[in-house]
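S.K.: PDB, N, CA and C atoms and all ligand atoms, file upload.pdb:
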```pdb
MODEL        1
ATOM      1  N   MET A   1     124.099  23.285  94.302  1.00  0.00           N
ATOM      2  CA  MET A   1     123.729  24.493  93.556  1.00  0.00           C
ATOM      3  C   MET A   1     122.607  24.165  92.569  1.00  0.00           C
ATOM      4  N   LEU A   2     121.597  25.047  92.522  1.00  0.00           N
ATOM      5  CA  LEU A   2     120.472  24.822  91.624  1.00  0.00           C
ATOM      6  C   LEU A   2     120.579  25.695  90.376  1.00  0.00           C
ATOM      7  N   CYS A   3     120.088  25.160  89.293  1.00  0.00           N
ATOM      8  CA  CYS A   3     120.039  25.939  88.048  1.00  0.00           C
ATOM      9  C   CYS A   3     119.051  27.096  88.222  1.00  0.00           C
ATOM     10  N   ASP A   4     119.430  28.291  87.809  1.00  0.00           N
ATOM     11  CA  ASP A   4     118.564  29.476  87.913  1.00  0.00           C
ATOM     12  C   ASP A   4     117.264  29.295  87.145  1.00  0.00           C
ATOM     13  N   VAL A   5     117.361  28.597  86.055  1.00  0.00           N
ATOM     14  CA  VAL A   5     116.226  28.467  85.148  1.00  0.00           C
ATOM     15  C   VAL A   5     115.320  27.303  85.535  1.00  0.00           C
ATOM     16  N   CYS A   6     115.920  26.127  85.733  1.00  0.00           N
ATOM     17  CA  CYS A   6     115.132  24.903  85.933  1.00  0.00           C
ATOM     18  C   CYS A   6     114.910  24.546  87.399  1.00  0.00           C
ATOM     19  N   LYS A   7     115.688  25.151  88.296  1.00  0.00           N
ATOM     20  CA  LYS A   7     115.610  24.839  89.729  1.00  0.00           C
ATOM     21  C   LYS A   7     115.875  23.357  90.016  1.00  0.00           C
ATOM     22  N   VAL A   8     116.758  22.771  89.287  1.00  0.00           N
ATOM     23  CA  VAL A   8     117.181  21.402  89.560  1.00  0.00           C
ATOM     24  C   VAL A   8     118.662  21.412  89.953  1.00  0.00           C
ATOM     25  N   GLU A   9     119.071  20.392  90.680  1.00  0.00           N
ATOM     26  CA  GLU A   9     120.449  20.288  91.146  1.00  0.00           C
ATOM     27  C   GLU A   9     121.389  20.130  89.950  1.00  0.00           C
ATOM     28  N   MET A  10     122.465  20.904  89.962  1.00  0.00           N
ATOM     29  CA  MET A  10     123.415  20.846  88.857  1.00  0.00           C
ATOM     30  C   MET A  10     124.517  19.823  89.142  1.00  0.00           C
ATOM     31  N   ASN A  11     125.091  19.300  88.100  1.00  0.00           N
ATOM     32  CA  ASN A  11     126.146  18.292  88.229  1.00  0.00           C
ATOM     33  C   ASN A  11     127.533  18.913  88.124  1.00  0.00           C
ATOM     34  N   ASP A  12     128.496  18.281  88.792  1.00  0.00           N
ATOM     35  CA  ASP A  12     129.887  18.704  88.662  1.00  0.00           C
ATOM     36  C   ASP A  12     130.364  18.438  87.244  1.00  0.00           C
ATOM     37  N   SER A  13     131.127  19.370  86.735  1.00  0.00           N
ATOM     38  CA  SER A  13     131.677  19.204  85.396  1.00  0.00           C
ATOM     39  C   SER A  13     132.970  19.999  85.302  1.00  0.00           C
ATOM     40  N   THR A  14     133.548  20.022  84.141  1.00  0.00           N
ATOM     41  CA  THR A  14     134.703  20.884  83.899  1.00  0.00           C
ATOM     42  C   THR A  14     134.488  21.609  82.583  1.00  0.00           C
ATOM     43  N   THR A  15     135.177  22.714  82.440  1.00  0.00           N
ATOM     44  CA  THR A  15     135.037  23.491  81.215  1.00  0.00           C
ATOM     45  C   THR A  15     136.377  24.116  80.839  1.00  0.00           C
ATOM     46  N   GLU A  16     136.378  24.823  79.737  1.00  0.00           N
ATOM     47  CA  GLU A  16     137.568  25.564  79.313  1.00  0.00           C
ATOM     48  C   GLU A  16     137.231  27.046  79.340  1.00  0.00           C
ATOM     49  N   MET A  17     138.215  27.861  79.666  1.00  0.00           N
ATOM     50  CA  MET A  17     138.000  29.303  79.677  1.00  0.00           C
ATOM     51  C   MET A  17     139.142  29.984  78.947  1.00  0.00           C
ATOM     52  N   GLU A  18     138.839  31.087  78.303  1.00  0.00           N
ATOM     53  CA  GLU A  18     139.882  31.865  77.660  1.00  0.00           C
ATOM     54  C   GLU A  18     139.958  33.213  78.361  1.00  0.00           C
ATOM     55  N   ILE A  19     141.135  33.556  78.839  1.00  0.00           N
ATOM     56  CA  ILE A  19     141.310  34.780  79.615  1.00  0.00           C
ATOM     57  C   ILE A  19     142.272  35.696  78.874  1.00  0.00           C
ATOM     58  N   SER A  20     141.894  36.944  78.772  1.00  0.00           N
ATOM     59  CA  SER A  20     142.792  37.930  78.159  1.00  0.00           C
ATOM     60  C   SER A  20     143.733  38.469  79.219  1.00  0.00           C
ATOM     61  N   VAL A  21     145.026  38.302  78.985  1.00  0.00           N
ATOM     62  CA  VAL A  21     146.031  38.843  79.883  1.00  0.00           C
ATOM     63  C   VAL A  21     146.886  39.807  79.067  1.00  0.00           C
ATOM     64  N   LYS A  22     146.675  41.098  79.338  1.00  0.00           N
ATOM     65  CA  LYS A  22     147.317  42.136  78.528  1.00  0.00           C
ATOM     66  C   LYS A  22     147.040  41.871  77.050  1.00  0.00           C
ATOM     67  N   GLU A  23     148.079  41.683  76.248  1.00  0.00           N
ATOM     68  CA  GLU A  23     147.824  41.536  74.813  1.00  0.00           C
ATOM     69  C   GLU A  23     147.705  40.090  74.350  1.00  0.00           C
ATOM     70  N   ARG A  24     147.791  39.157  75.286  1.00  0.00           N
ATOM     71  CA  ARG A  24     147.692  37.760  74.864  1.00  0.00           C
ATOM     72  C   ARG A  24     146.485  37.081  75.506  1.00  0.00           C
ATOM     73  N   LYS A  25     146.169  35.911  74.956  1.00  0.00           N
ATOM     74  CA  LYS A  25     145.068  35.124  75.499  1.00  0.00           C
ATOM     75  C   LYS A  25     145.618  33.834  76.088  1.00  0.00           C
ATOM     76  N   VAL A  26     145.126  33.495  77.267  1.00  0.00           N
ATOM     77  CA  VAL A  26     145.541  32.269  77.930  1.00  0.00           C
ATOM     78  C   VAL A  26     144.314  31.377  78.072  1.00  0.00           C
ATOM     79  N   LYS A  27     144.488  30.123  77.738  1.00  0.00           N
ATOM     80  CA  LYS A  27     143.371  29.190  77.824  1.00  0.00           C
ATOM     81  C   LYS A  27     143.535  28.300  79.049  1.00  0.00           C
ATOM     82  N   ALA A  28     142.498  28.205  79.843  1.00  0.00           N
ATOM     83  CA  ALA A  28     142.497  27.327  81.010  1.00  0.00           C
ATOM     84  C   ALA A  28     141.658  26.101  80.688  1.00  0.00           C
ATOM     85  N   VAL A  29     142.209  24.919  80.972  1.00  0.00           N
ATOM     86  CA  VAL A  29     141.448  23.693  80.733  1.00  0.00           C
ATOM     87  C   VAL A  29     141.195  22.978  82.061  1.00  0.00           C
ATOM     88  N   ASN A  30     140.205  22.106  82.083  1.00  0.00           N
ATOM     89  CA  ASN A  30     139.813  21.365  83.288  1.00  0.00           C
ATOM     90  C   ASN A  30     139.389  22.286  84.432  1.00  0.00           C
ATOM     91  N   VAL A  31     138.722  23.356  84.087  1.00  0.00           N
ATOM     92  CA  VAL A  31     138.208  24.291  85.098  1.00  0.00           C
ATOM     93  C   VAL A  31     136.927  23.705  85.694  1.00  0.00           C
ATOM     94  N   PRO A  32     136.869  23.582  87.032  1.00  0.00           N
ATOM     95  CA  PRO A  32     135.665  23.026  87.636  1.00  0.00           C
ATOM     96  C   PRO A  32     134.446  23.910  87.374  1.00  0.00           C
ATOM     97  N   ALA A  33     133.355  23.297  87.014  1.00  0.00           N
ATOM     98  CA  ALA A  33     132.125  24.033  86.717  1.00  0.00           C
ATOM     99  C   ALA A  33     130.928  23.172  87.106  1.00  0.00           C
ATOM    100  N   MET A  34     129.763  23.793  87.106  1.00  0.00           N
ATOM    101  CA  MET A  34     128.527  23.065  87.353  1.00  0.00           C
ATOM    102  C   MET A  34     127.702  23.128  86.079  1.00  0.00           C
ATOM    103  N   VAL A  35     127.070  22.008  85.741  1.00  0.00           N
ATOM    104  CA  VAL A  35     126.262  22.004  84.523  1.00  0.00           C
ATOM    105  C   VAL A  35     124.859  21.495  84.853  1.00  0.00           C
ATOM    106  N   CYS A  36     123.852  22.137  84.258  1.00  0.00           N
ATOM    107  CA  CYS A  36     122.464  21.740  84.476  1.00  0.00           C
ATOM    108  C   CYS A  36     122.140  20.539  83.589  1.00  0.00           C
ATOM    109  N   PRO A  37     121.579  19.477  84.182  1.00  0.00           N
ATOM    110  CA  PRO A  37     121.248  18.291  83.378  1.00  0.00           C
ATOM    111  C   PRO A  37     120.071  18.526  82.436  1.00  0.00           C
ATOM    112  N   LYS A  38     119.299  19.565  82.698  1.00  0.00           N
ATOM    113  CA  LYS A  38     118.121  19.828  81.851  1.00  0.00           C
ATOM    114  C   LYS A  38     118.427  20.768  80.696  1.00  0.00           C
ATOM    115  N   CYS A  39     118.984  21.937  80.997  1.00  0.00           N
ATOM    116  CA  CYS A  39     119.183  22.937  79.935  1.00  0.00           C
ATOM    117  C   CYS A  39     120.648  23.086  79.522  1.00  0.00           C
ATOM    118  N   ASN A  40     121.535  22.320  80.190  1.00  0.00           N
ATOM    119  CA  ASN A  40     122.968  22.372  79.868  1.00  0.00           C
ATOM    120  C   ASN A  40     123.617  23.717  80.160  1.00  0.00           C
ATOM    121  N   LYS A  41     122.981  24.531  80.958  1.00  0.00           N
ATOM    122  CA  LYS A  41     123.596  25.794  81.372  1.00  0.00           C
ATOM    123  C   LYS A  41     124.824  25.483  82.222  1.00  0.00           C
ATOM    124  N   LEU A  42     125.904  26.204  81.960  1.00  0.00           N
ATOM    125  CA  LEU A  42     127.146  25.945  82.648  1.00  0.00           C
ATOM    126  C   LEU A  42     127.514  27.141  83.522  1.00  0.00           C
ATOM    127  N   VAL A  43     127.851  26.859  84.766  1.00  0.00           N
ATOM    128  CA  VAL A  43     128.184  27.931  85.708  1.00  0.00           C
ATOM    129  C   VAL A  43     129.561  27.678  86.310  1.00  0.00           C
ATOM    130  N   VAL A  44     130.394  28.702  86.289  1.00  0.00           N
ATOM    131  CA  VAL A  44     131.697  28.640  86.955  1.00  0.00           C
ATOM    132  C   VAL A  44     131.587  29.507  88.204  1.00  0.00           C
ATOM    133  N   GLU A  45     131.913  28.951  89.356  1.00  0.00           N
ATOM    134  CA  GLU A  45     131.813  29.709  90.599  1.00  0.00           C
ATOM    135  C   GLU A  45     132.745  30.912  90.581  1.00  0.00           C
ATOM    136  N   GLU A  46     132.342  31.930  91.312  1.00  0.00           N
ATOM    137  CA  GLU A  46     133.093  33.187  91.332  1.00  0.00           C
ATOM    138  C   GLU A  46     134.531  32.975  91.811  1.00  0.00           C
ATOM    139  N   LEU A  47     134.686  32.159  92.840  1.00  0.00           N
ATOM    140  CA  LEU A  47     136.030  31.884  93.376  1.00  0.00           C
ATOM    141  C   LEU A  47     136.906  31.208  92.322  1.00  0.00           C
ATOM    142  N   VAL A  48     136.325  30.233  91.638  1.00  0.00           N
ATOM    143  CA  VAL A  48     137.060  29.519  90.588  1.00  0.00           C
ATOM    144  C   VAL A  48     137.454  30.491  89.483  1.00  0.00           C
ATOM    145  N   ASP A  49     136.520  31.336  89.113  1.00  0.00           N
ATOM    146  CA  ASP A  49     136.769  32.332  88.084  1.00  0.00           C
ATOM    147  C   ASP A  49     137.941  33.242  88.477  1.00  0.00           C
ATOM    148  N   LYS A  50     137.965  33.661  89.734  1.00  0.00           N
ATOM    149  CA  LYS A  50     139.051  34.504  90.236  1.00  0.00           C
ATOM    150  C   LYS A  50     140.394  33.781  90.176  1.00  0.00           C
ATOM    151  N   LEU A  51     140.379  32.529  90.605  1.00  0.00           N
ATOM    152  CA  LEU A  51     141.612  31.736  90.613  1.00  0.00           C
ATOM    153  C   LEU A  51     142.134  31.510  89.195  1.00  0.00           C
ATOM    154  N   VAL A  52     141.211  31.305  88.275  1.00  0.00           N
ATOM    155  CA  VAL A  52     141.605  31.109  86.874  1.00  0.00           C
ATOM    156  C   VAL A  52     142.298  32.364  86.353  1.00  0.00           C
ATOM    157  N   ARG A  53     141.715  33.515  86.656  1.00  0.00           N
ATOM    158  CA  ARG A  53     142.299  34.776  86.185  1.00  0.00           C
ATOM    159  C   ARG A  53     143.659  35.041  86.815  1.00  0.00           C
ATOM    160  N   LYS A  54     143.769  34.698  88.091  1.00  0.00           N
ATOM    161  CA  LYS A  54     145.029  34.870  88.800  1.00  0.00           C
ATOM    162  C   LYS A  54     146.100  33.947  88.201  1.00  0.00           C
ATOM    163  N   ALA A  55     145.722  32.696  87.995  1.00  0.00           N
ATOM    164  CA  ALA A  55     146.655  31.721  87.431  1.00  0.00           C
ATOM    165  C   ALA A  55     147.076  32.127  86.019  1.00  0.00           C
ATOM    166  N   ALA A  56     146.137  32.678  85.259  1.00  0.00           N
ATOM    167  CA  ALA A  56     146.426  33.078  83.878  1.00  0.00           C
ATOM    168  C   ALA A  56     147.508  34.151  83.832  1.00  0.00           C
ATOM    169  N   LYS A  57     147.468  35.060  84.791  1.00  0.00           N
ATOM    170  CA  LYS A  57     148.471  36.131  84.836  1.00  0.00           C
ATOM    171  C   LYS A  57     149.875  35.589  85.072  1.00  0.00           C
ATOM    172  N   HIS A  58     149.941  34.518  85.867  1.00  0.00           N
ATOM    173  CA  HIS A  58     151.241  33.933  86.203  1.00  0.00           C
ATOM    174  C   HIS A  58     151.708  32.937  85.145  1.00  0.00           C
ATOM    175  N   CYS A  59     150.786  32.531  84.301  1.00  0.00           N
ATOM    176  CA  CYS A  59     151.075  31.474  83.343  1.00  0.00           C
ATOM    177  C   CYS A  59     151.907  32.003  82.181  1.00  0.00           C
ATOM    178  N   LYS A  60     152.967  31.285  81.861  1.00  0.00           N
ATOM    179  CA  LYS A  60     153.843  31.711  80.763  1.00  0.00           C
ATOM    180  C   LYS A  60     153.418  31.099  79.426  1.00  0.00           C
ATOM    181  N   ASP A  61     152.622  30.049  79.506  1.00  0.00           N
ATOM    182  CA  ASP A  61     152.194  29.349  78.294  1.00  0.00           C
ATOM    183  C   ASP A  61     150.835  29.861  77.808  1.00  0.00           C
ATOM    184  N   ASP A  62     150.415  29.384  76.662  1.00  0.00           N
ATOM    185  CA  ASP A  62     149.123  29.770  76.113  1.00  0.00           C
ATOM    186  C   ASP A  62     147.978  29.007  76.757  1.00  0.00           C
ATOM    187  N   THR A  63     148.310  27.841  77.324  1.00  0.00           N
ATOM    188  CA  THR A  63     147.291  26.982  77.916  1.00  0.00           C
ATOM    189  C   THR A  63     147.783  26.488  79.268  1.00  0.00           C
ATOM    190  N   PHE A  64     146.896  26.401  80.238  1.00  0.00           N
ATOM    191  CA  PHE A  64     147.282  25.756  81.494  1.00  0.00           C
ATOM    192  C   PHE A  64     146.174  24.867  82.008  1.00  0.00           C
ATOM    193  N   ASP A  65     146.603  23.911  82.798  1.00  0.00           N
ATOM    194  CA  ASP A  65     145.697  22.930  83.362  1.00  0.00           C
ATOM    195  C   ASP A  65     145.300  23.421  84.757  1.00  0.00           C
ATOM    196  N   TYR A  66     144.052  23.762  84.941  1.00  0.00           N
ATOM    197  CA  TYR A  66     143.599  24.366  86.198  1.00  0.00           C
ATOM    198  C   TYR A  66     143.999  23.584  87.455  1.00  0.00           C
ATOM    199  N   PRO A  67     143.712  22.283  87.526  1.00  0.00           N
ATOM    200  CA  PRO A  67     144.049  21.549  88.763  1.00  0.00           C
ATOM    201  C   PRO A  67     145.529  21.594  89.115  1.00  0.00           C
ATOM    202  N   LYS A  68     146.394  21.611  88.112  1.00  0.00           N
ATOM    203  CA  LYS A  68     147.841  21.654  88.372  1.00  0.00           C
ATOM    204  C   LYS A  68     148.278  23.051  88.760  1.00  0.00           C
ATOM    205  N   GLU A  69     147.825  24.027  87.999  1.00  0.00           N
ATOM    206  CA  GLU A  69     148.308  25.395  88.127  1.00  0.00           C
ATOM    207  C   GLU A  69     147.850  26.041  89.435  1.00  0.00           C
ATOM    208  N   VAL A  70     146.624  25.766  89.837  1.00  0.00           N
ATOM    209  CA  VAL A  70     146.074  26.427  91.014  1.00  0.00           C
ATOM    210  C   VAL A  70     146.741  25.955  92.305  1.00  0.00           C
ATOM    211  N   LYS A  71     147.281  24.765  92.293  1.00  0.00           N
ATOM    212  CA  LYS A  71     148.019  24.264  93.456  1.00  0.00           C
ATOM    213  C   LYS A  71     149.217  25.142  93.799  1.00  0.00           C
ATOM    214  N   VAL A  72     149.769  25.783  92.786  1.00  0.00           N
ATOM    215  CA  VAL A  72     150.913  26.674  92.959  1.00  0.00           C
ATOM    216  C   VAL A  72     150.604  27.761  93.991  1.00  0.00           C
ATOM    217  N   PHE A  73     149.343  28.160  94.052  1.00  0.00           N
ATOM    218  CA  PHE A  73     148.957  29.230  94.956  1.00  0.00           C
ATOM    219  C   PHE A  73     148.536  28.715  96.332  1.00  0.00           C
ATOM    220  N   GLY A  74     148.669  27.413  96.542  1.00  0.00           N
ATOM    221  CA  GLY A  74     148.390  26.862  97.857  1.00  0.00           C
ATOM    222  C   GLY A  74     146.933  26.560  98.126  1.00  0.00           C
ATOM    223  N   PHE A  75     146.105  26.584  97.112  1.00  0.00           N
ATOM    224  CA  PHE A  75     144.708  26.209  97.284  1.00  0.00           C
ATOM    225  C   PHE A  75     144.550  24.763  96.830  1.00  0.00           C
ATOM    226  N   GLY A  76     143.943  23.964  97.631  1.00  0.00           N
ATOM    227  CA  GLY A  76     143.681  22.580  97.198  1.00  0.00           C
ATOM    228  C   GLY A  76     142.361  22.534  96.507  1.00  0.00           C
ATOM    229  N   PHE A  77     142.209  23.325  95.480  1.00  0.00           N
ATOM    230  CA  PHE A  77     140.873  23.557  94.948  1.00  0.00           C
ATOM    231  C   PHE A  77     140.554  22.803  93.668  1.00  0.00           C
ATOM    232  N   GLY A  78     141.583  22.278  93.008  1.00  0.00           N
ATOM    233  CA  GLY A  78     141.327  21.611  91.735  1.00  0.00           C
ATOM    234  C   GLY A  78     140.584  20.306  91.932  1.00  0.00           C
ATOM    235  N   LYS A  79     139.539  20.132  91.173  1.00  0.00           N
ATOM    236  CA  LYS A  79     138.821  18.858  91.234  1.00  0.00           C
ATOM    237  C   LYS A  79     139.300  18.021  90.069  1.00  0.00           C
ATOM    238  N   ALA A  80     140.307  17.216  90.316  1.00  0.00           N
ATOM    239  CA  ALA A  80     140.869  16.421  89.240  1.00  0.00           C
ATOM    240  C   ALA A  80     140.187  15.066  89.180  1.00  0.00           C
ATOM    241  N   LYS A  81     138.993  15.065  88.626  1.00  0.00           N
ATOM    242  CA  LYS A  81     138.335  13.776  88.480  1.00  0.00           C
ATOM    243  C   LYS A  81     137.802  13.631  87.076  1.00  0.00           C
ATOM    244  N   LEU A  82     137.700  12.403  86.633  1.00  0.00           N
ATOM    245  CA  LEU A  82     137.246  12.149  85.269  1.00  0.00           C
ATOM    246  C   LEU A  82     135.873  11.533  85.283  1.00  0.00           C
TER
HETATM  247 ZN    ZN A 101     118.715  24.390  83.795  1.00  0.00          ZN
ENDMDL
END
```
Please express what this file holds, its structure, as structure tokens.
M.R.:
Amino acid sequence: MLCDVCKVEMNDSTTEMEISVKERKVKAVNVPAMVCPKCNKLVVEELVDKLVRKAAKHCKDDTFDYPKEVKVFGFGFGKAKL
């Protein structure tokens, strides 16, 4: 994936997201994202964004770990790397 602004290849990264679920907020950590090495623009793929929102609805806690939580739905999508 290329950065919209710089047209350079973006690097794999992770980020945190805060999702509003009804009257509460749920925080997702270790969400896979792409980051531009030049301008530091961060992009979360649409599919990942959808999965985060879906997981947030099912989450009973204030915070969840994306790679762990998303497995519950049968997607092997979490990139658990450091
Ligand atoms: Zn850029």
S.K.: What would the selection look like, as a compact mmCIF listing (two decimals) with N, CA and C atoms, in the coordinates of the input, if the PyMOL selection byres (((not hetatm)) within 8 of (chain A and resi 101)) were run on the coordinates I just shared?
M.R.:
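The file below, selection20.txt, is the result:
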```txt
# COMPACT_ATOMS: atom_id res chain seq x y z
N LEU A 2 121.60 25.05 92.52
CA LEU A 2 120.47 24.82 91.62
C LEU A 2 120.58 25.70 90.38
N CYS A 3 120.09 25.16 89.29
CA CYS A 3 120.04 25.94 88.05
C CYS A 3 119.05 27.10 88.22
N ASP A 4 119.43 28.29 87.81
CA ASP A 4 118.56 29.48 87.91
C ASP A 4 117.26 29.30 87.14
N VAL A 5 117.36 28.60 86.06
CA VAL A 5 116.23 28.47 85.15
C VAL A 5 115.32 27.30 85.54
N CYS A 6 115.92 26.13 85.73
CA CYS A 6 115.13 24.90 85.93
C CYS A 6 114.91 24.55 87.40
N LYS A 7 115.69 25.15 88.30
CA LYS A 7 115.61 24.84 89.73
C LYS A 7 115.88 23.36 90.02
N VAL A 8 116.76 22.77 89.29
CA VAL A 8 117.18 21.40 89.56
C VAL A 8 118.66 21.41 89.95
N GLU A 9 119.07 20.39 90.68
CA GLU A 9 120.45 20.29 91.15
C GLU A 9 121.39 20.13 89.95
N MET A 10 122.46 20.90 89.96
CA MET A 10 123.42 20.85 88.86
C MET A 10 124.52 19.82 89.14
N VAL A 35 127.07 22.01 85.74
CA VAL A 35 126.26 22.00 84.52
C VAL A 35 124.86 21.50 84.85
N CYS A 36 123.85 22.14 84.26
CA CYS A 36 122.46 21.74 84.48
C CYS A 36 122.14 20.54 83.59
N PRO A 37 121.58 19.48 84.18
CA PRO A 37 121.25 18.29 83.38
C PRO A 37 120.07 18.53 82.44
N LYS A 38 119.30 19.57 82.70
CA LYS A 38 118.12 19.83 81.85
C LYS A 38 118.43 20.77 80.70
N CYS A 39 118.98 21.94 81.00
CA CYS A 39 119.18 22.94 79.94
C CYS A 39 120.65 23.09 79.52
N ASN A 40 121.54 22.32 80.19
CA ASN A 40 122.97 22.37 79.87
C ASN A 40 123.62 23.72 80.16
N LYS A 41 122.98 24.53 80.96
CA LYS A 41 123.60 25.79 81.37
C LYS A 41 124.82 25.48 82.22
N LEU A 42 125.90 26.20 81.96
CA LEU A 42 127.15 25.94 82.65
C LEU A 42 127.51 27.14 83.52
```
S.K.: On this structure, the PyMOL selection byres (((chain A and resi 26) around 6.5) and not hetatm) would catch which residues? List them as a PDB file with N, CA and C atoms, in the coordinates of the input, sorted by chain and number.
M.R.:
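Generated output (selection.pdb):
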```pdb
ATOM      1  N   MET A  17     138.215  27.861  79.666  1.00  0.00           N
ATOM      2  CA  MET A  17     138.000  29.303  79.677  1.00  0.00           C
ATOM      3  C   MET A  17     139.142  29.984  78.947  1.00  0.00           C
ATOM      4  N   GLU A  18     138.839  31.087  78.303  1.00  0.00           N
ATOM      5  CA  GLU A  18     139.882  31.865  77.660  1.00  0.00           C
ATOM      6  C   GLU A  18     139.958  33.213  78.361  1.00  0.00           C
ATOM      7  N   ILE A  19     141.135  33.556  78.839  1.00  0.00           N
ATOM      8  CA  ILE A  19     141.310  34.780  79.615  1.00  0.00           C
ATOM      9  C   ILE A  19     142.272  35.696  78.874  1.00  0.00           C
ATOM     10  N   SER A  20     141.894  36.944  78.772  1.00  0.00           N
ATOM     11  CA  SER A  20     142.792  37.930  78.159  1.00  0.00           C
ATOM     12  C   SER A  20     143.733  38.469  79.219  1.00  0.00           C
ATOM     13  N   VAL A  21     145.026  38.302  78.985  1.00  0.00           N
ATOM     14  CA  VAL A  21     146.031  38.843  79.883  1.00  0.00           C
ATOM     15  C   VAL A  21     146.886  39.807  79.067  1.00  0.00           C
ATOM     16  N   ARG A  24     147.791  39.157  75.286  1.00  0.00           N
ATOM     17  CA  ARG A  24     147.692  37.760  74.864  1.00  0.00           C
ATOM     18  C   ARG A  24     146.485  37.081  75.506  1.00  0.00           C
ATOM     19  N   LYS A  25     146.169  35.911  74.956  1.00  0.00           N
ATOM     20  CA  LYS A  25     145.068  35.124  75.499  1.00  0.00           C
ATOM     21  C   LYS A  25     145.618  33.834  76.088  1.00  0.00           C
ATOM     22  N   LYS A  27     144.488  30.123  77.738  1.00  0.00           N
ATOM     23  CA  LYS A  27     143.371  29.190  77.824  1.00  0.00           C
ATOM     24  C   LYS A  27     143.535  28.300  79.049  1.00  0.00           C
ATOM     25  N   ALA A  28     142.498  28.205  79.843  1.00  0.00           N
ATOM     26  CA  ALA A  28     142.497  27.327  81.010  1.00  0.00           C
ATOM     27  C   ALA A  28     141.658  26.101  80.688  1.00  0.00           C
ATOM     28  N   ALA A  56     146.137  32.678  85.259  1.00  0.00           N
ATOM     29  CA  ALA A  56     146.426  33.078  83.878  1.00  0.00           C
ATOM     30  C   ALA A  56     147.508  34.151  83.832  1.00  0.00           C
ATOM     31  N   ASP A  61     152.622  30.049  79.506  1.00  0.00           N
ATOM     32  CA  ASP A  61     152.194  29.349  78.294  1.00  0.00           C
ATOM     33  C   ASP A  61     150.835  29.861  77.808  1.00  0.00           C
ATOM     34  N   ASP A  62     150.415  29.384  76.662  1.00  0.00           N
ATOM     35  CA  ASP A  62     149.123  29.770  76.113  1.00  0.00           C
ATOM     36  C   ASP A  62     147.978  29.007  76.757  1.00  0.00           C
ATOM     37  N   THR A  63     148.310  27.841  77.324  1.00  0.00           N
ATOM     38  CA  THR A  63     147.291  26.982  77.916  1.00  0.00           C
ATOM     39  C   THR A  63     147.783  26.488  79.268  1.00  0.00           C
ATOM     40  N   PHE A  64     146.896  26.401  80.238  1.00  0.00           N
ATOM     41  CA  PHE A  64     147.282  25.756  81.494  1.00  0.00           C
ATOM     42  C   PHE A  64     146.174  24.867  82.008  1.00  0.00           C
TER      43      PHE A  64
END
```
S.K.: Please evaluate the PyMOL selection byres (((chain A and resi 49-52 and name CA) around 12) and not hetatm and name CA) against the displayed coordinates and give the resulting residues as number ranges by chain.
M.R.: A: 15-21, 26-33, 43-48, 53-59, 63-78
S.K.: What residues in chain A get the DSSP label strand (DSSP E)? Please answer as a PyMOL selection string.
M.R.: chain A and resi 11-21+24-35+42-43+63-65
S.K.: To test your reading of the structure, identify every residue in chain A that backbone DSSP assigns to helix (DSSP H, G or I), and report it as number ranges by chain.
M.R.: A: 46-58, 66-71
